[in-house]
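Student: The structure under discussion is supplied below as structure tokens; questions concerning it will follow.
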Amino acid sequence: MISESILTLLKREKNSSGLSASLLSSSLSLPTSSVYEGIAELKKLGYKIETEKGKIYRLTSVPDSLIPLEIHDNLKTKILGKRILSYRTLKSTNDLAYRLAEEKAPEGTLIVAEKQTAGKGRLGRKWLSPPERGIWMSLILRPKIPPAKAPGLSLCTGLALVQTIREKTGLKADLKWPNDCLIEGKKFAGILLELSAELDKVNFVIIGVGVNVNQVQDDFPKNLKGKATSILMESGKRYSRVELLKTFLEKLEKIYLNFKTFGLKFYLEEIKSSSSMLGHKVKLLYGKEKIKGIVKDIDENGSLILETRGHLGTISSGEVTLI
């Protein structure tokens, strides 16, 4: 892509006196008319480029936009995010990812949207996805694992999110089994797994992720106030969504590649230590059944070990609330 090649050179010389159109032209073996078109395209995407005498260009700022040009820049992954589809508005990144997976889209394909009009949460709930406030994304994975192992990917994803937020912001993020991430007991991220499988194999898994990054209190409806939060609300600081996304992809890829071979074995202790549930009394909604008990452990399949009336039971799915 011409604009991407131009951007690479401009970023390299960001603190210099600028690059001339003729130098960009010769460096990229392009006619100057293509350079002008590439600069115009970058400006449309939100890049601030100073122009001196109409021919010298200097990059002064980059947009915090979830566009391939920015996500690809210095992304240290081999699989995740190598192919990126980016949209201003999309009904649901998961719906599109599922359709593309059925059409044989490659593993690691990333779908991102600045806004979702019908973002999906678990149990048919909606996920609020306002424009340019958070990370609304889905990944296509094709692990060669039995279907019973697939739910463990939710904990893998949650762990990568927790690691990312702790490293980049210093906030103490926690895992809430099986698919939420919390700060101070309030939800800032959710995970939705959808899969296509046969009796003995997984065809593909869609990992949908929503992360509240730069919302303020008024961005949430009244029924979510006190329950939902954002990185900005907890830290008092705005963070680059692009940088958070890239760090998350790098951490998730490392965990995912290990998971495909060893399952949750090597990350299970970190998952447990990051859990907001372990050792606490909870109420579990399992289908139409309501169960109360104490979370004693998380096993290698990612299931909860729940103590109820002196007996231990294994819970593979459900809605859990601290009591």
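Chain labels follow the order of the structure tokens: the first chain is A, the next B, and so on; residue numbering restarts at 1 in every chain, and ligands are counted from 1 in their shown order.
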Using only C-alpha atoms, which protein or nucleic acid residues come within 8 Å of Ser65 (chain A)? Drop anything in the same chain fewer than 5 positions from it, and give the result as a PyMOL selection string.
Tutor: chain A and resi 70+114+132+241-242
Student: Determine, counting only C-alpha atoms, which protein, DNA and RNA residues have an atom within 10 Å of an atom of Gly119 (chain A); residues of the same chain fewer than 2 positions away are not included. Present the result as an mmCIF file with C-alpha atoms, in the first residue's frame.
Tutor:
```
data_model
loop_
_atom_site.group_PDB
_atom_site.id
_atom_site.type_symbol
_atom_site.label_atom_id
_atom_site.label_comp_id
_atom_site.auth_asym_id
_atom_site.auth_seq_id
_atom_site.Cartn_x
_atom_site.Cartn_y
_atom_site.Cartn_z
ATOM 1 C CA LEU A 90 -20.599 -2.713 12.123
ATOM 2 C CA LYS A 91 -23.599 -4.541 13.484
ATOM 3 C CA SER A 92 -21.464 -7.152 15.252
ATOM 4 C CA THR A 93 -17.813 -8.102 14.802
ATOM 5 C CA ASN A 94 -18.663 -11.652 15.941
ATOM 6 C CA ASP A 95 -21.358 -12.086 13.303
ATOM 7 C CA LYS A 115 -18.799 1.263 16.722
ATOM 8 C CA GLN A 116 -21.173 -1.712 16.927
ATOM 9 C CA THR A 117 -24.899 -1.208 16.527
ATOM 10 C CA GLY A 121 -22.723 -10.369 25.016
ATOM 11 C CA ARG A 125 -27.377 -9.776 26.001
ATOM 12 C CA LYS A 126 -26.279 -6.662 24.156
ATOM 13 C CA TRP A 127 -22.833 -5.114 24.541
ATOM 14 C CA LEU A 128 -22.801 -1.327 24.545
ATOM 15 C CA SER A 129 -20.250 -0.265 21.898
ATOM 16 C CA PRO A 130 -20.111 3.542 21.495
ATOM 17 C CA TRP A 136 -14.703 -3.928 19.841
ATOM 18 C CA MET A 137 -13.119 -6.886 18.090
ATOM 19 C CA GLY A 208 -15.299 -11.705 20.622
ATOM 20 C CA VAL A 209 -13.849 -9.101 22.973
ATOM 21 C CA GLY A 210 -15.220 -5.801 24.199
#
```
Student: Quick one: residues within 7 Å of Arg58 (chain A), only C-alpha atoms counted, chain neighbours fewer than 2 positions away excluded, as a list in words?
Tutor: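 My reading of the contact set: Leu10, Lys14, Gly18, Leu19, Ile49, Glu50, Thr51, Ile56 and Thr60 of chain A.
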Student: Could you list, as an MDAnalysis selection string, every residue within 7 Å of Leu232 (chain A), counting only C-alpha atoms and ignoring same-chain residues fewer than 4 positions away?
Tutor: chainID A and resid 213:215 236:238
Student: Looking at only C-alpha atoms, which of A:Phe188, A:Tyr267, A:Tyr47, A:Tyr98 is the one that sits closest to Val216 (chain A)?
Tutor: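 Of the candidates, the smallest distance to Val216 (chain A) is held by A:Phe188.
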Student: Nearest to Thr77 (chain A) among A:Leu42, A:Leu249, A:Met233, A:Ile191, with distances taken over only C-alpha atoms: which residue is it?
Tutor: A:Leu249
Student: Among region 111-301 of chain A, which ones does DSSP place in strand (DSSP E or B), written as a ChimeraX atom specification?
Tutor: /A:111-116,120,126,134-141,173-176,180-183,186-197,202-212,225,228,275,281-286,289-298
Student: For Gly108 (chain A), list every protein, DNA or RNA residue within 6 Å, evaluated using only C-alpha atoms, and leave out those in the same chain fewer than 4 positions away; present the list as an MDAnalysis selection string.
Tutor: chainID A and resid 79:81 140:141
Student: May I have the residues within 10 Å of Thr109 (chain A) as a PyMOL selection string, using only C-alpha atoms and disregarding those fewer than 2 positions away in the same chain?
Tutor: chain A and resi 79-85+97+100-101+105-107+111+138-141+206
Student: For the interface of region 203-308 of chain A with region 153-163 of chain A (cut-off 6 Å, counting only C-alpha atoms), please tabulate each contacting residue of region 203-308 of chain A alongside its nearest pair of atoms and their separation in Å to one decimal, rows sorted by chain and increasing number, as a tab-separated table.
Tutor:
```
residue	atom	partner	partner_atom	distance
A:Phe248	CA	A:Ala160	CA	6.0
A:Lys251	CA	A:Ala160	CA	5.4
A:Leu252	CA	A:Ala160	CA	5.1
```
Student: Could you write out, as a VMD selection string, all the residues of region 139-314 of chain A that DSSP marks as alpha helix (DSSP H)?
Tutor: chain A and resid 152 to 169 231 to 235 241 to 262 268 to 273
Student: Convert the current residue selection to file output with N, CA and C atoms, as a compact mmCIF listing (two decimals), in the first residue's frame.
Tutor:
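Contents of the output file part.txt:
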```txt
# COMPACT_ATOMS: atom_id res chain seq x y z
N GLY A 152 -11.83 -23.29 27.54
CA GLY A 152 -10.62 -22.79 28.17
C GLY A 152 -10.07 -21.57 27.47
N LEU A 153 -10.44 -21.38 26.21
CA LEU A 153 -9.98 -20.20 25.47
C LEU A 153 -10.53 -18.90 26.05
N SER A 154 -11.68 -18.99 26.71
CA SER A 154 -12.23 -17.79 27.35
C SER A 154 -11.32 -17.32 28.47
N LEU A 155 -10.82 -18.27 29.27
CA LEU A 155 -9.90 -17.91 30.35
C LEU A 155 -8.55 -17.46 29.80
N CYS A 156 -8.10 -18.07 28.70
CA CYS A 156 -6.86 -17.61 28.05
C CYS A 156 -6.98 -16.16 27.62
N THR A 157 -8.12 -15.83 27.02
CA THR A 157 -8.35 -14.47 26.55
C THR A 157 -8.43 -13.50 27.72
N GLY A 158 -9.16 -13.91 28.76
CA GLY A 158 -9.27 -13.07 29.94
C GLY A 158 -7.93 -12.82 30.60
N LEU A 159 -7.09 -13.85 30.66
CA LEU A 159 -5.76 -13.70 31.25
C LEU A 159 -4.92 -12.72 30.45
N ALA A 160 -4.98 -12.82 29.11
CA ALA A 160 -4.23 -11.88 28.27
C ALA A 160 -4.70 -10.44 28.49
N LEU A 161 -6.00 -10.25 28.68
CA LEU A 161 -6.54 -8.92 28.96
C LEU A 161 -6.04 -8.40 30.31
N VAL A 162 -6.11 -9.25 31.31
CA VAL A 162 -5.67 -8.86 32.65
C VAL A 162 -4.17 -8.49 32.63
N GLN A 163 -3.37 -9.32 31.97
CA GLN A 163 -1.93 -9.04 31.86
C GLN A 163 -1.70 -7.70 31.17
N THR A 164 -2.46 -7.43 30.12
CA THR A 164 -2.31 -6.19 29.36
C THR A 164 -2.61 -4.97 30.21
N ILE A 165 -3.74 -5.00 30.89
CA ILE A 165 -4.16 -3.84 31.68
C ILE A 165 -3.23 -3.61 32.86
N ARG A 166 -2.80 -4.67 33.52
CA ARG A 166 -1.86 -4.52 34.63
C ARG A 166 -0.54 -3.92 34.16
N GLU A 167 -0.04 -4.41 33.02
CA GLU A 167 1.25 -3.94 32.52
C GLU A 167 1.18 -2.50 32.01
N LYS A 168 0.14 -2.17 31.25
CA LYS A 168 0.09 -0.86 30.58
C LYS A 168 -0.46 0.25 31.47
N THR A 169 -1.27 -0.10 32.47
CA THR A 169 -1.90 0.95 33.27
C THR A 169 -1.56 0.88 34.76
N ILE A 231 -11.25 1.95 31.61
CA ILE A 231 -9.88 2.20 32.03
C ILE A 231 -9.72 3.66 32.43
N LEU A 232 -10.32 4.56 31.65
CA LEU A 232 -10.25 5.99 31.97
C LEU A 232 -10.87 6.30 33.33
N MET A 233 -12.03 5.75 33.59
CA MET A 233 -12.73 6.02 34.85
C MET A 233 -11.94 5.53 36.06
N GLU A 234 -11.24 4.42 35.91
CA GLU A 234 -10.50 3.86 37.04
C GLU A 234 -9.12 4.47 37.22
N SER A 235 -8.53 4.95 36.13
CA SER A 235 -7.16 5.46 36.20
C SER A 235 -7.09 6.97 36.16
N ARG A 241 -6.00 3.18 22.49
CA ARG A 241 -6.66 1.90 22.22
C ARG A 241 -5.79 1.02 21.33
N VAL A 242 -5.08 1.65 20.40
CA VAL A 242 -4.22 0.89 19.49
C VAL A 242 -3.12 0.18 20.27
N GLU A 243 -2.46 0.89 21.18
CA GLU A 243 -1.37 0.28 21.95
C GLU A 243 -1.89 -0.83 22.85
N LEU A 244 -3.04 -0.63 23.47
CA LEU A 244 -3.62 -1.69 24.30
C LEU A 244 -3.95 -2.91 23.46
N LEU A 245 -4.52 -2.69 22.27
CA LEU A 245 -4.89 -3.80 21.40
C LEU A 245 -3.66 -4.58 20.95
N LYS A 246 -2.61 -3.89 20.57
CA LYS A 246 -1.40 -4.59 20.11
C LYS A 246 -0.78 -5.41 21.24
N THR A 247 -0.71 -4.84 22.42
CA THR A 247 -0.16 -5.59 23.55
C THR A 247 -1.02 -6.81 23.86
N PHE A 248 -2.33 -6.64 23.81
CA PHE A 248 -3.24 -7.76 24.06
C PHE A 248 -3.03 -8.88 23.03
N LEU A 249 -2.93 -8.53 21.75
CA LEU A 249 -2.73 -9.55 20.71
C LEU A 249 -1.43 -10.31 20.92
N GLU A 250 -0.38 -9.60 21.30
CA GLU A 250 0.91 -10.26 21.53
C GLU A 250 0.84 -11.22 22.72
N LYS A 251 0.18 -10.80 23.78
CA LYS A 251 0.07 -11.66 24.96
C LYS A 251 -0.85 -12.84 24.70
N LEU A 252 -1.96 -12.60 24.01
CA LEU A 252 -2.88 -13.69 23.71
C LEU A 252 -2.24 -14.72 22.80
N GLU A 253 -1.47 -14.29 21.82
CA GLU A 253 -0.83 -15.26 20.93
C GLU A 253 0.11 -16.19 21.69
N LYS A 254 0.88 -15.64 22.59
CA LYS A 254 1.79 -16.47 23.39
C LYS A 254 1.00 -17.50 24.20
N ILE A 255 -0.06 -17.07 24.85
CA ILE A 255 -0.88 -17.97 25.66
C ILE A 255 -1.58 -19.00 24.78
N TYR A 256 -2.10 -18.55 23.65
CA TYR A 256 -2.86 -19.42 22.74
C TYR A 256 -1.97 -20.53 22.16
N LEU A 257 -0.78 -20.20 21.72
CA LEU A 257 0.11 -21.20 21.14
C LEU A 257 0.47 -22.26 22.18
N ASN A 258 0.65 -21.83 23.42
CA ASN A 258 0.92 -22.78 24.49
C ASN A 258 -0.31 -23.63 24.78
N PHE A 259 -1.48 -23.00 24.78
CA PHE A 259 -2.74 -23.70 25.07
C PHE A 259 -3.01 -24.81 24.04
N LYS A 260 -2.72 -24.56 22.78
CA LYS A 260 -3.00 -25.56 21.74
C LYS A 260 -2.25 -26.86 21.99
N THR A 261 -1.07 -26.76 22.60
CA THR A 261 -0.26 -27.95 22.88
C THR A 261 -0.51 -28.53 24.27
N PHE A 262 -0.61 -27.65 25.26
CA PHE A 262 -0.64 -28.12 26.65
C PHE A 262 -1.95 -27.83 27.40
N LEU A 268 -2.46 -22.16 34.47
CA LEU A 268 -3.56 -22.35 35.41
C LEU A 268 -3.33 -21.62 36.74
N GLU A 269 -2.11 -21.66 37.25
CA GLU A 269 -1.84 -20.99 38.52
C GLU A 269 -2.01 -19.47 38.40
N GLU A 270 -1.60 -18.91 37.26
CA GLU A 270 -1.77 -17.47 37.06
C GLU A 270 -3.25 -17.13 36.91
N ILE A 271 -4.00 -18.00 36.24
CA ILE A 271 -5.45 -17.80 36.12
C ILE A 271 -6.10 -17.81 37.50
N LYS A 272 -5.69 -18.75 38.34
CA LYS A 272 -6.26 -18.84 39.69
C LYS A 272 -5.91 -17.60 40.51
N SER A 273 -4.65 -17.17 40.43
CA SER A 273 -4.23 -16.02 41.23
C SER A 273 -4.87 -14.73 40.75
```
Student: Of the residues A:Leu110, A:Ile145, A:Ile315, A:Ala189, which is the one nearest to Gly287 (chain A), using only C-alpha atoms?
Tutor: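 Closest to Gly287 (chain A), using only C-alpha atoms: A:Ile315.
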Student: In Å, rounded to a single decimal, give me how far CA of Asp299 (chain A) is from CA of Pro146 (chain A).
Tutor: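 Separation between CA of Pro146 (chain A) and CA of Asp299 (chain A): 16.6 Å.
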Student: Tell me which of A:Ser317, A:Thr8, A:Asp180, A:Leu284 sits closest to Gly38 (chain A), counting only C-alpha atoms.
Tutor: A:Thr8
